[in-house]
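One file, work19.cif, carrying mmCIF, C-alpha atoms and all ligand atoms:
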```
data_entry
loop_
_atom_site.group_PDB
_atom_site.id
_atom_site.type_symbol
_atom_site.label_atom_id
_atom_site.label_comp_id
_atom_site.auth_asym_id
_atom_site.auth_seq_id
_atom_site.Cartn_x
_atom_site.Cartn_y
_atom_site.Cartn_z
ATOM 1 C CA MET A 1 89.532 -73.053 -16.942
ATOM 2 C CA THR A 2 88.208 -69.541 -17.474
ATOM 3 C CA HIS A 3 87.265 -67.607 -14.365
ATOM 4 C CA LYS A 4 83.526 -67.189 -13.906
ATOM 5 C CA PRO A 5 82.403 -64.267 -11.731
ATOM 6 C CA ASP A 6 80.217 -64.931 -8.693
ATOM 7 C CA LEU A 7 76.574 -64.972 -9.571
ATOM 8 C CA LYS A 8 73.729 -63.733 -7.393
ATOM 9 C CA PHE A 9 71.208 -65.620 -9.538
ATOM 10 C CA LYS A 10 72.048 -68.789 -11.490
ATOM 11 C CA ARG A 11 68.690 -69.931 -12.814
ATOM 12 C CA VAL A 12 66.267 -67.238 -13.922
ATOM 13 C CA LEU A 13 62.991 -66.702 -15.665
ATOM 14 C CA PHE A 14 63.040 -63.497 -17.713
ATOM 15 C CA LYS A 15 59.663 -61.936 -18.524
ATOM 16 C CA VAL A 16 59.868 -59.858 -21.704
ATOM 17 C CA SER A 17 56.668 -57.983 -22.501
ATOM 18 C CA GLY A 18 55.481 -57.777 -26.078
ATOM 19 C CA GLU A 19 55.867 -54.011 -25.894
ATOM 20 C CA ALA A 20 59.568 -54.434 -25.144
ATOM 21 C CA LEU A 21 60.044 -56.045 -28.568
ATOM 22 C CA MET A 22 58.397 -53.270 -30.549
ATOM 23 C CA GLY A 23 61.015 -50.621 -29.734
ATOM 24 C CA ASP A 24 59.868 -47.170 -30.886
ATOM 25 C CA GLN A 25 57.631 -48.567 -33.630
ATOM 26 C CA GLY A 26 54.318 -48.462 -31.740
ATOM 27 C CA PHE A 27 53.333 -51.890 -33.058
ATOM 28 C CA GLY A 28 54.854 -55.241 -34.048
ATOM 29 C CA ILE A 29 58.385 -56.549 -33.715
ATOM 30 C CA ASP A 30 61.467 -54.331 -34.108
ATOM 31 C CA PRO A 31 64.373 -56.578 -35.211
ATOM 32 C CA LYS A 32 67.007 -54.241 -33.729
ATOM 33 C CA THR A 33 65.383 -54.144 -30.293
ATOM 34 C CA THR A 34 64.797 -57.897 -30.374
ATOM 35 C CA ALA A 35 68.456 -58.464 -31.280
ATOM 36 C CA ARG A 36 69.546 -56.273 -28.325
ATOM 37 C CA ILE A 37 67.475 -58.276 -25.872
ATOM 38 C CA ALA A 38 68.851 -61.498 -27.397
ATOM 39 C CA GLN A 39 72.371 -60.111 -26.860
ATOM 40 C CA ASP A 40 71.640 -59.424 -23.169
ATOM 41 C CA ILE A 41 70.409 -63.011 -22.809
ATOM 42 C CA SER A 42 73.469 -64.305 -24.676
ATOM 43 C CA ASN A 43 75.772 -62.448 -22.265
ATOM 44 C CA ALA A 44 73.962 -64.031 -19.311
ATOM 45 C CA VAL A 45 74.295 -67.513 -20.838
ATOM 46 C CA LYS A 46 78.042 -66.912 -21.310
ATOM 47 C CA LEU A 47 78.320 -66.287 -17.557
ATOM 48 C CA GLY A 48 76.806 -69.727 -16.963
ATOM 49 C CA VAL A 49 73.284 -68.605 -16.051
ATOM 50 C CA ARG A 50 70.393 -70.884 -17.024
ATOM 51 C CA VAL A 51 67.838 -68.616 -18.671
ATOM 52 C CA ALA A 52 64.250 -69.174 -19.759
ATOM 53 C CA VAL A 53 62.050 -66.441 -21.176
ATOM 54 C CA VAL A 54 58.311 -65.816 -21.178
ATOM 55 C CA VAL A 55 57.294 -63.403 -23.923
ATOM 56 C CA GLY A 56 54.123 -61.328 -23.924
ATOM 57 C CA GLY A 57 52.004 -60.334 -26.900
ATOM 58 C CA GLY A 58 50.791 -56.811 -26.156
ATOM 59 C CA ASN A 59 52.739 -55.370 -29.141
ATOM 60 C CA ILE A 60 50.399 -57.310 -31.413
ATOM 61 C CA PHE A 61 47.183 -58.235 -29.644
ATOM 62 C CA ARG A 62 45.453 -58.212 -26.254
ATOM 63 C CA GLY A 63 42.248 -60.195 -25.710
ATOM 64 C CA VAL A 64 40.976 -57.775 -23.122
ATOM 65 C CA ALA A 65 41.123 -54.880 -25.636
ATOM 66 C CA LEU A 66 38.884 -56.805 -28.022
ATOM 67 C CA ALA A 67 36.508 -57.775 -25.190
ATOM 68 C CA ALA A 68 36.204 -54.087 -24.222
ATOM 69 C CA LYS A 69 34.622 -53.519 -27.660
ATOM 70 C CA GLY A 70 32.036 -56.206 -26.951
ATOM 71 C CA ALA A 71 33.714 -59.163 -28.677
ATOM 72 C CA ASP A 72 34.131 -62.624 -27.163
ATOM 73 C CA ARG A 73 36.890 -62.582 -24.514
ATOM 74 C CA VAL A 74 37.938 -66.205 -24.950
ATOM 75 C CA THR A 75 38.461 -65.810 -28.706
ATOM 76 C CA GLY A 76 40.345 -62.577 -28.035
ATOM 77 C CA ASP A 77 42.598 -64.319 -25.543
ATOM 78 C CA HIS A 78 43.260 -67.130 -28.009
ATOM 79 C CA MET A 79 44.352 -64.461 -30.502
ATOM 80 C CA GLY A 80 46.520 -62.862 -27.803
ATOM 81 C CA MET A 81 48.211 -66.202 -27.133
ATOM 82 C CA LEU A 82 48.909 -66.583 -30.859
ATOM 83 C CA ALA A 83 50.583 -63.160 -30.748
ATOM 84 C CA THR A 84 52.956 -64.433 -28.036
ATOM 85 C CA VAL A 85 53.894 -67.358 -30.296
ATOM 86 C CA MET A 86 54.947 -64.947 -33.058
ATOM 87 C CA ASN A 87 57.063 -62.991 -30.577
ATOM 88 C CA ALA A 88 58.617 -66.189 -29.209
ATOM 89 C CA MET A 89 59.597 -67.292 -32.719
ATOM 90 C CA ALA A 90 61.135 -63.859 -33.408
ATOM 91 C CA LEU A 91 63.127 -63.978 -30.161
ATOM 92 C CA LYS A 92 64.290 -67.535 -30.828
ATOM 93 C CA MET A 93 65.484 -66.437 -34.272
ATOM 94 C CA ALA A 94 67.375 -63.492 -32.745
ATOM 95 C CA LEU A 95 68.943 -65.783 -30.126
ATOM 96 C CA THR A 96 70.064 -68.229 -32.827
ATOM 97 C CA GLU A 97 71.603 -65.336 -34.766
ATOM 98 C CA ALA A 98 73.441 -64.320 -31.570
ATOM 99 C CA GLY A 99 74.902 -67.839 -31.404
ATOM 100 C CA VAL A 100 72.703 -69.058 -28.538
ATOM 101 C CA LYS A 101 71.057 -72.483 -28.633
ATOM 102 C CA ALA A 102 67.364 -71.839 -28.067
ATOM 103 C CA CYS A 103 63.989 -73.495 -28.445
ATOM 104 C CA VAL A 104 60.348 -72.451 -28.200
ATOM 105 C CA LEU A 105 58.009 -74.405 -25.911
ATOM 106 C CA SER A 106 54.362 -73.500 -26.455
ATOM 107 C CA ALA A 107 51.591 -74.092 -23.923
ATOM 108 C CA ILE A 108 49.285 -74.734 -26.910
ATOM 109 C CA ALA A 109 50.337 -77.522 -29.279
ATOM 110 C CA MET A 110 51.339 -76.355 -32.728
ATOM 111 C CA PRO A 111 53.947 -78.958 -33.651
ATOM 112 C CA GLU A 112 54.608 -77.603 -37.142
ATOM 113 C CA PHE A 113 55.904 -74.391 -35.534
ATOM 114 C CA CYS A 114 57.528 -75.366 -32.254
ATOM 115 C CA GLU A 115 57.706 -77.914 -29.442
ATOM 116 C CA THR A 116 54.854 -78.264 -26.989
ATOM 117 C CA PHE A 117 55.504 -77.414 -23.337
ATOM 118 C CA SER A 118 56.041 -80.283 -20.925
ATOM 119 C CA GLN A 119 58.023 -80.435 -17.697
ATOM 120 C CA ARG A 120 60.220 -83.109 -19.280
ATOM 121 C CA ALA A 121 61.003 -81.004 -22.353
ATOM 122 C CA LEU A 122 61.773 -78.016 -20.111
ATOM 123 C CA ASP A 123 64.179 -79.987 -17.912
ATOM 124 C CA GLN A 124 65.920 -81.558 -20.915
ATOM 125 C CA HIS A 125 66.490 -78.228 -22.651
ATOM 126 C CA LEU A 126 67.720 -76.473 -19.494
ATOM 127 C CA ASP A 127 70.069 -79.372 -18.673
ATOM 128 C CA ALA A 128 71.457 -79.111 -22.217
ATOM 129 C CA GLY A 129 72.172 -75.402 -21.615
ATOM 130 C CA ASN A 130 69.565 -74.202 -24.115
ATOM 131 C CA VAL A 131 67.581 -71.020 -23.629
ATOM 132 C CA VAL A 132 63.900 -71.912 -23.439
ATOM 133 C CA VAL A 133 61.438 -69.371 -24.826
ATOM 134 C CA PHE A 134 57.930 -70.035 -23.522
ATOM 135 C CA ALA A 135 55.026 -69.168 -25.801
ATOM 136 C CA ALA A 136 51.233 -68.959 -25.332
ATOM 137 C CA GLY A 137 51.415 -67.943 -21.662
ATOM 138 C CA THR A 138 49.611 -70.436 -19.435
ATOM 139 C CA GLY A 139 47.618 -71.792 -22.381
ATOM 140 C CA ASN A 140 44.365 -70.546 -20.822
ATOM 141 C CA PRO A 141 42.186 -67.508 -21.462
ATOM 142 C CA TYR A 142 41.617 -64.996 -18.630
ATOM 143 C CA PHE A 143 45.316 -65.199 -17.759
ATOM 144 C CA THR A 144 48.252 -63.030 -18.750
ATOM 145 C CA THR A 145 51.857 -63.732 -19.567
ATOM 146 C CA ASP A 146 52.834 -62.261 -16.161
ATOM 147 C CA THR A 147 51.040 -65.169 -14.529
ATOM 148 C CA GLY A 148 52.538 -67.470 -17.168
ATOM 149 C CA ALA A 149 55.975 -66.157 -16.133
ATOM 150 C CA ALA A 150 55.279 -66.862 -12.447
ATOM 151 C CA LEU A 151 54.033 -70.372 -13.269
ATOM 152 C CA ARG A 152 57.054 -71.216 -15.431
ATOM 153 C CA ALA A 153 59.392 -69.717 -12.797
ATOM 154 C CA CYS A 154 57.933 -72.231 -10.308
ATOM 155 C CA GLU A 155 58.192 -75.116 -12.786
ATOM 156 C CA MET A 156 61.833 -74.394 -13.632
ATOM 157 C CA LYS A 157 62.682 -73.807 -9.938
ATOM 158 C CA ALA A 158 64.038 -70.374 -10.763
ATOM 159 C CA ASP A 159 66.163 -68.396 -8.287
ATOM 160 C CA ALA A 160 64.310 -65.289 -9.442
ATOM 161 C CA LEU A 161 61.764 -63.926 -11.873
ATOM 162 C CA PHE A 162 63.231 -60.958 -13.766
ATOM 163 C CA LYS A 163 60.617 -58.471 -14.918
ATOM 164 C CA GLY A 164 61.979 -55.996 -17.438
ATOM 165 C CA THR A 165 59.987 -52.733 -17.427
ATOM 166 C CA GLN A 166 60.102 -49.136 -18.675
ATOM 167 C CA VAL A 167 61.630 -47.903 -15.373
ATOM 168 C CA ASP A 168 64.487 -48.993 -13.118
ATOM 169 C CA GLY A 169 62.444 -50.533 -10.308
ATOM 170 C CA ILE A 170 59.304 -50.175 -8.234
ATOM 171 C CA TYR A 171 58.216 -46.688 -7.173
ATOM 172 C CA SER A 172 55.703 -45.519 -4.573
ATOM 173 C CA ALA A 173 53.811 -43.867 -7.465
ATOM 174 C CA ASP A 174 54.274 -43.568 -11.241
ATOM 175 C CA PRO A 175 57.603 -41.648 -11.546
ATOM 176 C CA LYS A 176 56.559 -40.314 -14.962
ATOM 177 C CA LYS A 177 53.521 -38.597 -13.377
ATOM 178 C CA ASP A 178 54.533 -37.903 -9.760
ATOM 179 C CA PRO A 179 57.860 -36.069 -9.105
ATOM 180 C CA ASN A 180 57.724 -37.112 -5.422
ATOM 181 C CA ALA A 181 57.627 -40.825 -6.219
ATOM 182 C CA THR A 182 60.347 -42.722 -4.355
ATOM 183 C CA ARG A 183 62.091 -45.877 -5.543
ATOM 184 C CA TYR A 184 62.245 -49.020 -3.410
ATOM 185 C CA GLU A 185 65.492 -50.958 -3.184
ATOM 186 C CA ASN A 186 63.728 -53.885 -1.506
ATOM 187 C CA ILE A 187 60.073 -54.617 -0.850
ATOM 188 C CA THR A 188 58.057 -57.692 0.127
ATOM 189 C CA HIS A 189 55.451 -59.558 -1.904
ATOM 190 C CA ALA A 190 52.967 -58.798 0.903
ATOM 191 C CA GLN A 191 53.639 -55.030 0.676
ATOM 192 C CA ILE A 192 53.039 -55.109 -3.092
ATOM 193 C CA ILE A 193 49.670 -56.751 -2.482
ATOM 194 C CA GLU A 194 48.703 -54.506 0.487
ATOM 195 C CA GLN A 195 49.695 -51.263 -1.248
ATOM 196 C CA GLY A 196 48.190 -52.316 -4.586
ATOM 197 C CA LEU A 197 51.426 -51.492 -6.434
ATOM 198 C CA GLU A 198 51.090 -52.294 -10.126
ATOM 199 C CA VAL A 199 54.185 -54.398 -10.648
ATOM 200 C CA MET A 200 52.742 -57.628 -12.007
ATOM 201 C CA ASP A 201 49.300 -59.231 -11.901
ATOM 202 C CA LEU A 202 48.209 -60.151 -8.390
ATOM 203 C CA SER A 203 48.049 -63.831 -9.370
ATOM 204 C CA ALA A 204 51.707 -63.643 -10.443
ATOM 205 C CA VAL A 205 52.694 -61.960 -7.161
ATOM 206 C CA THR A 206 50.853 -64.516 -4.999
ATOM 207 C CA LEU A 207 52.242 -67.473 -6.976
ATOM 208 C CA THR A 208 55.828 -66.264 -6.531
ATOM 209 C CA LYS A 209 55.130 -65.374 -2.876
ATOM 210 C CA ASP A 210 53.936 -68.925 -2.123
ATOM 211 C CA ALA A 211 56.896 -70.440 -3.992
ATOM 212 C CA ASN A 212 59.302 -67.991 -2.277
ATOM 213 C CA ILE A 213 60.682 -66.758 -5.606
ATOM 214 C CA PRO A 214 62.002 -63.154 -5.645
ATOM 215 C CA ILE A 215 60.853 -60.792 -8.398
ATOM 216 C CA VAL A 216 63.565 -58.509 -9.773
ATOM 217 C CA VAL A 217 62.174 -55.390 -11.447
ATOM 218 C CA PHE A 218 64.619 -53.508 -13.692
ATOM 219 C CA SER A 219 64.756 -51.284 -16.772
ATOM 220 C CA LEU A 220 64.874 -52.969 -20.162
ATOM 221 C CA HIS A 221 66.202 -49.741 -21.675
ATOM 222 C CA GLN A 222 69.461 -49.933 -19.759
ATOM 223 C CA LYS A 223 71.805 -51.966 -21.948
ATOM 224 C CA GLY A 224 73.709 -54.646 -20.034
ATOM 225 C CA GLU A 225 71.701 -54.149 -16.831
ATOM 226 C CA PHE A 226 70.376 -57.723 -16.877
ATOM 227 C CA VAL A 227 73.887 -59.156 -16.612
ATOM 228 C CA LYS A 228 74.962 -56.608 -13.988
ATOM 229 C CA ILE A 229 72.040 -57.534 -11.731
ATOM 230 C CA LEU A 230 72.758 -61.252 -12.173
ATOM 231 C CA GLN A 231 76.176 -60.448 -10.674
ATOM 232 C CA GLY A 232 74.701 -58.517 -7.740
ATOM 233 C CA GLU A 233 75.181 -55.026 -9.204
ATOM 234 C CA GLY A 234 72.975 -52.727 -11.253
ATOM 235 C CA ARG A 235 69.776 -50.850 -10.466
ATOM 236 C CA CYS A 236 66.646 -52.771 -9.608
ATOM 237 C CA THR A 237 64.034 -53.411 -6.943
ATOM 238 C CA ILE A 238 64.050 -56.867 -5.373
ATOM 239 C CA VAL A 239 60.735 -58.231 -4.158
ATOM 240 C CA SER A 240 61.097 -61.031 -1.606
ATOM 241 C CA ASN A 241 59.270 -62.522 1.364
HETATM 242 N N1 LIG A 301 46.948 -64.532 -22.897
HETATM 243 C C1 LIG A 301 46.048 -65.478 -22.416
HETATM 244 N N2 LIG A 301 46.494 -66.402 -21.482
HETATM 245 C C2 LIG A 301 47.760 -66.418 -21.006
HETATM 246 C C3 LIG A 301 48.657 -65.437 -21.478
HETATM 247 C C4 LIG A 301 48.242 -64.506 -22.417
HETATM 248 O O1 LIG A 301 44.901 -65.502 -22.818
HETATM 249 O O2 LIG A 301 48.086 -67.290 -20.184
HETATM 250 C C5 LIG A 301 46.512 -63.580 -23.944
HETATM 251 C C6 LIG A 301 45.717 -62.381 -23.405
HETATM 252 O O3 LIG A 301 44.737 -62.027 -24.350
HETATM 253 C C7 LIG A 301 46.784 -61.293 -23.341
HETATM 254 C C8 LIG A 301 47.621 -61.605 -24.574
HETATM 255 O O4 LIG A 301 47.636 -63.032 -24.610
HETATM 256 O O5 LIG A 301 46.238 -59.997 -23.402
HETATM 257 C C9 LIG A 301 49.022 -61.057 -24.562
HETATM 258 O O6 LIG A 301 49.641 -61.287 -23.312
HETATM 259 P P1 LIG A 301 50.012 -60.104 -22.284
HETATM 260 O O7 LIG A 301 48.919 -59.072 -22.306
HETATM 261 O O8 LIG A 301 50.330 -60.722 -20.984
HETATM 262 O O9 LIG A 301 51.328 -59.538 -22.972
HETATM 263 P P2 LIG A 301 52.328 -58.373 -22.503
HETATM 264 O O10 LIG A 301 51.502 -57.316 -21.769
HETATM 265 O O11 LIG A 301 53.329 -58.969 -21.583
HETATM 266 O O12 LIG A 301 52.950 -57.886 -23.774
#
```
Can you give me the file's structure in the form of structure tokens?
Ligand code: UDP
Amino acid sequence: MTHKPDLKFKRVLFKVSGEALMGDQGFGIDPKTTARIAQDISNAVKLGVRVAVVVGGGNIFRGVALAAKGADRVTGDHMGMLATVMNAMALKMALTEAGVKACVLSAIAMPEFCETFSQRALDQHLDAGNVVVFAAGTGNPYFTTDTGAALRACEMKADALFKGTQVDGIYSADPKKDPNATRYENITHAQIIEQGLEVMDLSAVTLTKDANIPIVVFSLHQKGEFVKILQGEGRCTIVSN
């Protein structure tokens, strides 16, 4: 039997924002960046970690942006959810190319494109060792994929919700604007809420707080960091109760 290193987290929900998939393009899906993220996930699967992913849609469409121009918010959010389905299909394709068995489960039924989310389908795919890519967020307008990620993390009984961002953790202020910003190694869900730190939507923070699921905030730009953190190394901020 091959030796498997000790794992700090064995069952994780990975939130990948739509913006993470666009690379330097400014819009849409960059195949190279998507392939790199798929490779990080593949490396985690090889270690024996059960991984599911919630993808955002901000690289293509955000309902709230349309609503700000006076258009109907619900229709905008439906369009935003469709954007997440496109991203999920792109990520699934990249995972397949990386040799990882993967499926897309969408909160909104579109059976010609992918499977529809159900707890049973989720459990079956995870038990089979497949990577599940969740599409269409929660399936409801007025929500975001951050909250979708928190919800799916609860449903899959994740050890942690990994939130890949532009920076290597949570700071007291925006490190790109404030040179005195300090980085937290550990912080509580309650402190995030009290201090109004913009890590994830408040609904996502409260959901994970109630379910006692840690949030791990790390940089998506650091190649291989995901796997390092799964093994208890690497740079990140851990949010726990
Ligand atoms: N969305 C929604 N309900 C959900 C999740 C997403 O209506 O449960 C819509 C919403 O319009 C949102 C868009 O999908 O702006 C894209 O998701 P999000 O902004 O969370 O993507 P990210 O910022 O992670 O790329």
So which one's closest to A:Gly48, A:Phe9, A:Phe226, A:Tyr184, A:Tyr142? Using only C-alpha atoms, please. A:Phe9
Tell me which of A:Phe134, A:Leu202, A:Pro141, A:Gly129 sits closest to A:Arg62, counting all atoms listed in the file. A:Pro141
Cut-off 6 Å, all atoms listed in the file, neighbours of ligand LIG 301 (chain A) as a VMD selection string: chain A and resid 17 to 19 56 to 59 62 to 64 76 to 78 80 to 81 136 to 146 148
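Each of A:Ile41, A:Val100, A:Met22, A:Val53 was checked against A:Lys228 using all atoms listed in the file; the smallest atom-to-atom distance is that of A:Ile41.
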Selected residue of minimal separation from A:Val51 among A:Lys176, A:Lys15, A:Lys209, A:Lys32, counting only C-alpha atoms: A:Lys15
